[in-house]
Amino acid sequence: MERITLADDLSFSRIVYGMWRLGDDANTSPAHVQAKIESCLEQGITTMDQADIYGGYEAEEILGHAFMAAPHLKDKVEIVTKCNIVAPVGRHAAARVKYYDTSAAYITQSVEDSLRLMQIERIDMLLMHRQDPMMDHDETGAVLDGLVASGKVRQVGVSNFRPWDMDLLQSAMNTQLSTNQIEISVLENAPFTNGDIAYLQQHRIPPMAWSPLAGGALFAPGNSDLHDTLAGIAARHDADVATLAVAWLLAHPARIMPVMGTNNLDRIARIGDAAGLHIDRETWFEIYTAAIGAEVP
């Protein structure tokens, strides 16, 4: 599988395996998680996407148990994780309200927790999970630079930031922000025209795309017309709608890295199919036209 270079010392597989729902699976045993990782590796998918908050702050530890049982896997994958969301569940159950925390103390503790829970020595990519309206960019930038200098974090990036949020944080950092993980899909196509992707392309920052299948909404009854159109296009390519939708993202020159999350081993085994499906420019616009429900101007 193609790899995307994010820094001199780091590259990701073009498709990323998302572990948002890892704790939702009926089977969270180390052996079952190991089977998921190994299925990804067989396809060249080496990058695993986590966050402290996933699974009510439990998903990282579930992955850590798998690494304890099969420590050789740690050398075969890149770990992405995120922090700064404090929700009143799990270890933050005492919080009165859900809020964001980009203070140096919180980020430092979150990194220590993530390293311990996942049983790893270094996080390959640490993302600020949400833009924090209370962020002190000098404090946040300094602690992120310090974590990179310490070797506990290889690279840093953001998630769900707008271009001006990235500029603010970057202005207080020596380390270059390496990615922005944002929602992008056939249904969530605004980033192609609202400046988000244009900014990342301008700065040569490869985006990560969460929910590339719109959380399953592509298959919802309310989107049946769009689904039927996509199914017709997919049939021409001897593919299914999910594979086509991901290939549509891969075809864009911004070097989008879709984050694919599923607990079904059969579906995991087919995640990489999209990398082999070529979408030409006319087909890309055919899908885009169906998505926006109108001819382009």
# chains A, B, ... in the order shown; residues from 1 in each chain; ligands from 1

$ residues_around --residues "A:Gln43" --least-positions-apart "4" --cutoff "10 Å" --atoms "only C-alpha atoms" --output "count of residues only"
12

$ residues_around --residues "A:Asn174" --least-positions-apart "6" --cutoff "10 Å" --atoms "only C-alpha atoms" --output "compact mmCIF listing (two decimals) with N, CA and C atoms, in the first residue's frame"
# COMPACT_ATOMS: atom_id res chain seq x y z
N GLY A 141 1.57 25.23 22.68
CA GLY A 141 2.67 25.04 21.75
C GLY A 141 3.95 24.62 22.45
N ALA A 142 4.22 25.21 23.60
CA ALA A 142 5.45 24.90 24.33
C ALA A 142 5.45 23.45 24.84
N LEU A 144 3.79 20.91 23.60
CA LEU A 144 3.88 20.00 22.47
C LEU A 144 5.32 19.93 21.96
N ASP A 145 5.97 21.08 21.84
CA ASP A 145 7.39 21.07 21.47
C ASP A 145 8.21 20.26 22.47
N GLY A 146 7.91 20.42 23.75
CA GLY A 146 8.66 19.71 24.78
C GLY A 146 8.47 18.21 24.72

$ residues_around --residues "A:Ile184" --least-positions-apart "6" --cutoff "9 Å" --atoms "only C-alpha atoms" --output "ChimeraX atom specification"
/A:190-192,208-214,249,258

$ select_by_dssp --residues "stretch 41-262 of chain A" --states "strand (DSSP E)" --output "ChimeraX atom specification"
/A:47-49,78-83,85-86,99-100,123-128,153-159,180-183,208-210,257-260

$ residues_around --residues "A:Leu6" --least-positions-apart "4" --cutoff "10 Å" --atoms "only C-alpha atoms" --output "PyMOL selection string"
chain A and resi 10-12+125+155+176-179+204-207

$ atom_distance --atom1 "atom CA of A:Ile233" --atom2 "atom CA of A:Ile287"
8.1 Å

$ closest_atom_pairs --of "stretch 112-156 of chain A" --to "stretch 66-88 of chain A" --cutoff "7 Å" --atoms "only C-alpha atoms" --output "Markdown table"
| residue | atom | partner | partner_atom | distance |
| --- | --- | --- | --- | --- |
| A:Gln119 | CA | A:Phe67 | CA | 6.7 |
| A:Ile123 | CA | A:Ile79 | CA | 5.8 |
| A:Asp124 | CA | A:Ile79 | CA | 5.3 |
| A:Met125 | CA | A:Val80 | CA | 4.6 |
| A:Leu126 | CA | A:Thr81 | CA | 5.3 |
| A:Leu127 | CA | A:Lys82 | CA | 4.5 |
| A:Met128 | CA | A:Cys83 | CA | 5.6 |
| A:His129 | CA | A:Lys82 | CA | 5.3 |
| A:Arg130 | CA | A:Asn84 | CA | 7.0 |

$ residues_around --residues "A:Glu61" --least-positions-apart "3" --cutoff "6 Å" --atoms "only C-alpha atoms" --output "PDB file with N, CA and C atoms, in the first residue's frame"
ATOM      1  N   GLU A  58     -11.416   3.920  27.511  1.00  0.00           N
ATOM      2  CA  GLU A  58     -11.009   2.524  27.696  1.00  0.00           C
ATOM      3  C   GLU A  58     -10.326   1.910  26.474  1.00  0.00           C
ATOM      4  N   GLY A  64      -3.636  -1.799  24.560  1.00  0.00           N
ATOM      5  CA  GLY A  64      -2.469  -2.131  25.364  1.00  0.00           C
ATOM      6  C   GLY A  64      -2.445  -3.591  25.788  1.00  0.00           C
ATOM      7  N   LEU A 117      -1.156   3.052  29.188  1.00  0.00           N
ATOM      8  CA  LEU A 117      -2.300   2.213  28.854  1.00  0.00           C
ATOM      9  C   LEU A 117      -2.059   1.398  27.588  1.00  0.00           C
ATOM     10  N   MET A 118      -1.383   1.996  26.597  1.00  0.00           N
ATOM     11  CA  MET A 118      -1.132   1.270  25.354  1.00  0.00           C
ATOM     12  C   MET A 118       0.149   0.444  25.403  1.00  0.00           C
TER      13      MET A 118
END

$ closest_residue --among "A:Ala242, A:Leu187, A:Ala31, A:Val16" --to "A:Gly44" --atoms "only C-alpha atoms"
A:Val16

$ atom_distance --atom1 "atom CA of A:Asp113" --atom2 "atom CA of A:Ser29"
20.7 Å

$ atom_distance --atom1 "atom CA of A:Asp238" --atom2 "atom CA of A:Val186"
19.0 Å

$ residues_around --residues "stretch 288-294 of chain A" --least-positions-apart "6" --cutoff "12 Å" --atoms "only C-alpha atoms" --output "ChimeraX atom specification"
/A:185-190,192-193,214,218,223-233,245,248-249,252,279,281-282

$ closest_residue --among "A:Pro133, A:Gly90, A:Gly215, A:Gly18" --to "A:Asp49" --atoms "only C-alpha atoms"
A:Gly18

$ select_by_dssp --residues "stretch 56-132 of chain A" --states "helix (DSSP H, G or I)" --output "PDB file with N, CA and C atoms, in the first residue's frame"
ATOM      1  N   GLY A  56     -15.057   5.615  26.122  1.00  0.00           N
ATOM      2  CA  GLY A  56     -15.156   6.107  27.495  1.00  0.00           C
ATOM      3  C   GLY A  56     -13.832   6.018  28.228  1.00  0.00           C
ATOM      4  N   TYR A  57     -12.746   6.351  27.515  1.00  0.00           N
ATOM      5  CA  TYR A  57     -11.374   6.316  28.025  1.00  0.00           C
ATOM      6  C   TYR A  57     -10.883   4.878  28.265  1.00  0.00           C
ATOM      7  N   ALA A  59     -10.471   2.503  25.289  1.00  0.00           N
ATOM      8  CA  ALA A  59      -9.973   1.870  24.055  1.00  0.00           C
ATOM      9  C   ALA A  59      -8.454   1.747  24.046  1.00  0.00           C
ATOM     10  N   GLU A  60      -7.758   2.736  24.576  1.00  0.00           N
ATOM     11  CA  GLU A  60      -6.293   2.654  24.595  1.00  0.00           C
ATOM     12  C   GLU A  60      -5.827   1.461  25.429  1.00  0.00           C
ATOM     13  N   GLU A  61      -6.485   1.228  26.557  1.00  0.00           N
ATOM     14  CA  GLU A  61      -6.088   0.107  27.406  1.00  0.00           C
ATOM     15  C   GLU A  61      -6.399  -1.230  26.750  1.00  0.00           C
ATOM     16  N   ILE A  62      -7.488  -1.302  26.009  1.00  0.00           N
ATOM     17  CA  ILE A  62      -7.807  -2.530  25.272  1.00  0.00           C
ATOM     18  C   ILE A  62      -6.699  -2.836  24.268  1.00  0.00           C
ATOM     19  N   LEU A  63      -6.232  -1.812  23.564  1.00  0.00           N
ATOM     20  CA  LEU A  63      -5.116  -2.001  22.645  1.00  0.00           C
ATOM     21  C   LEU A  63      -3.863  -2.411  23.407  1.00  0.00           C
ATOM     22  N   GLY A  64      -3.636  -1.799  24.560  1.00  0.00           N
ATOM     23  CA  GLY A  64      -2.469  -2.131  25.364  1.00  0.00           C
ATOM     24  C   GLY A  64      -2.445  -3.591  25.788  1.00  0.00           C
ATOM     25  N   HIS A  65      -3.610  -4.135  26.115  1.00  0.00           N
ATOM     26  CA  HIS A  65      -3.671  -5.549  26.482  1.00  0.00           C
ATOM     27  C   HIS A  65      -3.270  -6.430  25.298  1.00  0.00           C
ATOM     28  N   ALA A  66      -3.671  -6.027  24.098  1.00  0.00           N
ATOM     29  CA  ALA A  66      -3.277  -6.782  22.900  1.00  0.00           C
ATOM     30  C   ALA A  66      -1.770  -6.714  22.689  1.00  0.00           C
ATOM     31  N   PHE A  67      -1.188  -5.543  22.920  1.00  0.00           N
ATOM     32  CA  PHE A  67       0.259  -5.400  22.784  1.00  0.00           C
ATOM     33  C   PHE A  67       1.004  -6.209  23.847  1.00  0.00           C
ATOM     34  N   MET A  68       0.428  -6.315  25.040  1.00  0.00           N
ATOM     35  CA  MET A  68       1.062  -7.127  26.082  1.00  0.00           C
ATOM     36  C   MET A  68       1.087  -8.595  25.665  1.00  0.00           C
ATOM     37  N   ALA A  69       0.002  -9.034  25.028  1.00  0.00           N
ATOM     38  CA  ALA A  69      -0.088 -10.431  24.610  1.00  0.00           C
ATOM     39  C   ALA A  69       0.750 -10.701  23.363  1.00  0.00           C
ATOM     40  N   PRO A  71       3.608  -8.519  21.863  1.00  0.00           N
ATOM     41  CA  PRO A  71       4.457  -7.315  21.838  1.00  0.00           C
ATOM     42  C   PRO A  71       5.148  -7.071  20.510  1.00  0.00           C
ATOM     43  N   HIS A  72       5.295  -8.098  19.682  1.00  0.00           N
ATOM     44  CA  HIS A  72       5.958  -7.913  18.387  1.00  0.00           C
ATOM     45  C   HIS A  72       5.170  -6.983  17.473  1.00  0.00           C
ATOM     46  N   LEU A  73       3.879  -6.834  17.740  1.00  0.00           N
ATOM     47  CA  LEU A  73       3.049  -5.977  16.887  1.00  0.00           C
ATOM     48  C   LEU A  73       3.428  -4.497  17.032  1.00  0.00           C
ATOM     49  N   LYS A  74       3.972  -4.137  18.176  1.00  0.00           N
ATOM     50  CA  LYS A  74       4.281  -2.722  18.420  1.00  0.00           C
ATOM     51  C   LYS A  74       5.295  -2.179  17.423  1.00  0.00           C
ATOM     52  N   ASP A  75       6.180  -3.036  16.954  1.00  0.00           N
ATOM     53  CA  ASP A  75       7.208  -2.596  16.009  1.00  0.00           C
ATOM     54  C   ASP A  75       6.706  -2.552  14.571  1.00  0.00           C
ATOM     55  N   LYS A  76       5.471  -2.988  14.352  1.00  0.00           N
ATOM     56  CA  LYS A  76       4.924  -3.066  12.998  1.00  0.00           C
ATOM     57  C   LYS A  76       3.892  -1.984  12.705  1.00  0.00           C
ATOM     58  N   GLY A  90     -15.864   7.516  32.646  1.00  0.00           N
ATOM     59  CA  GLY A  90     -14.586   6.876  32.913  1.00  0.00           C
ATOM     60  C   GLY A  90     -13.772   7.606  33.963  1.00  0.00           C
ATOM     61  N   ARG A  91     -12.502   7.831  33.679  1.00  0.00           N
ATOM     62  CA  ARG A  91     -11.625   8.444  34.678  1.00  0.00           C
ATOM     63  C   ARG A  91     -11.946   9.908  34.938  1.00  0.00           C
ATOM     64  N   HIS A  92     -12.801  10.492  34.093  1.00  0.00           N
ATOM     65  CA  HIS A  92     -13.220  11.884  34.315  1.00  0.00           C
ATOM     66  C   HIS A  92     -14.692  11.961  34.723  1.00  0.00           C
ATOM     67  N   ALA A 104      -0.861  22.664  29.704  1.00  0.00           N
ATOM     68  CA  ALA A 104       0.341  21.840  29.720  1.00  0.00           C
ATOM     69  C   ALA A 104       0.174  20.659  30.671  1.00  0.00           C
ATOM     70  N   ALA A 105      -0.440  20.891  31.818  1.00  0.00           N
ATOM     71  CA  ALA A 105      -0.599  19.827  32.802  1.00  0.00           C
ATOM     72  C   ALA A 105      -1.474  18.706  32.256  1.00  0.00           C
ATOM     73  N   TYR A 106      -2.574  19.083  31.609  1.00  0.00           N
ATOM     74  CA  TYR A 106      -3.485  18.049  31.104  1.00  0.00           C
ATOM     75  C   TYR A 106      -2.843  17.265  29.967  1.00  0.00           C
ATOM     76  N   ILE A 107      -2.234  17.958  29.025  1.00  0.00           N
ATOM     77  CA  ILE A 107      -1.628  17.274  27.875  1.00  0.00           C
ATOM     78  C   ILE A 107      -0.513  16.343  28.346  1.00  0.00           C
ATOM     79  N   THR A 108       0.307  16.809  29.265  1.00  0.00           N
ATOM     80  CA  THR A 108       1.405  15.985  29.776  1.00  0.00           C
ATOM     81  C   THR A 108       0.880  14.732  30.448  1.00  0.00           C
ATOM     82  N   GLN A 109      -0.138  14.880  31.288  1.00  0.00           N
ATOM     83  CA  GLN A 109      -0.699  13.718  31.979  1.00  0.00           C
ATOM     84  C   GLN A 109      -1.373  12.769  31.001  1.00  0.00           C
ATOM     85  N   SER A 110      -2.045  13.324  30.006  1.00  0.00           N
ATOM     86  CA  SER A 110      -2.716  12.487  29.016  1.00  0.00           C
ATOM     87  C   SER A 110      -1.713  11.640  28.246  1.00  0.00           C
ATOM     88  N   VAL A 111      -0.584  12.246  27.883  1.00  0.00           N
ATOM     89  CA  VAL A 111       0.460  11.497  27.171  1.00  0.00           C
ATOM     90  C   VAL A 111       1.004  10.379  28.053  1.00  0.00           C
ATOM     91  N   GLU A 112       1.260  10.673  29.319  1.00  0.00           N
ATOM     92  CA  GLU A 112       1.758   9.643  30.230  1.00  0.00           C
ATOM     93  C   GLU A 112       0.740   8.507  30.358  1.00  0.00           C
ATOM     94  N   ASP A 113      -0.534   8.860  30.461  1.00  0.00           N
ATOM     95  CA  ASP A 113      -1.580   7.840  30.550  1.00  0.00           C
ATOM     96  C   ASP A 113      -1.637   7.004  29.280  1.00  0.00           C
ATOM     97  N   SER A 114      -1.569   7.656  28.118  1.00  0.00           N
ATOM     98  CA  SER A 114      -1.647   6.934  26.844  1.00  0.00           C
ATOM     99  C   SER A 114      -0.479   5.970  26.681  1.00  0.00           C
ATOM    100  N   LEU A 115       0.722   6.411  27.026  1.00  0.00           N
ATOM    101  CA  LEU A 115       1.890   5.538  26.938  1.00  0.00           C
ATOM    102  C   LEU A 115       1.728   4.314  27.841  1.00  0.00           C
ATOM    103  N   ARG A 116       1.253   4.561  29.051  1.00  0.00           N
ATOM    104  CA  ARG A 116       1.092   3.469  30.014  1.00  0.00           C
ATOM    105  C   ARG A 116      -0.021   2.511  29.590  1.00  0.00           C
ATOM    106  N   LEU A 117      -1.156   3.052  29.188  1.00  0.00           N
ATOM    107  CA  LEU A 117      -2.300   2.213  28.854  1.00  0.00           C
ATOM    108  C   LEU A 117      -2.059   1.398  27.588  1.00  0.00           C
ATOM    109  N   MET A 118      -1.383   1.996  26.597  1.00  0.00           N
ATOM    110  CA  MET A 118      -1.132   1.270  25.354  1.00  0.00           C
ATOM    111  C   MET A 118       0.149   0.444  25.403  1.00  0.00           C
TER     112      MET A 118
END

$ residues_around --residues "A:Tyr17" --least-positions-apart "4" --cutoff "9 Å" --atoms "only C-alpha atoms" --output "count of residues only"
14
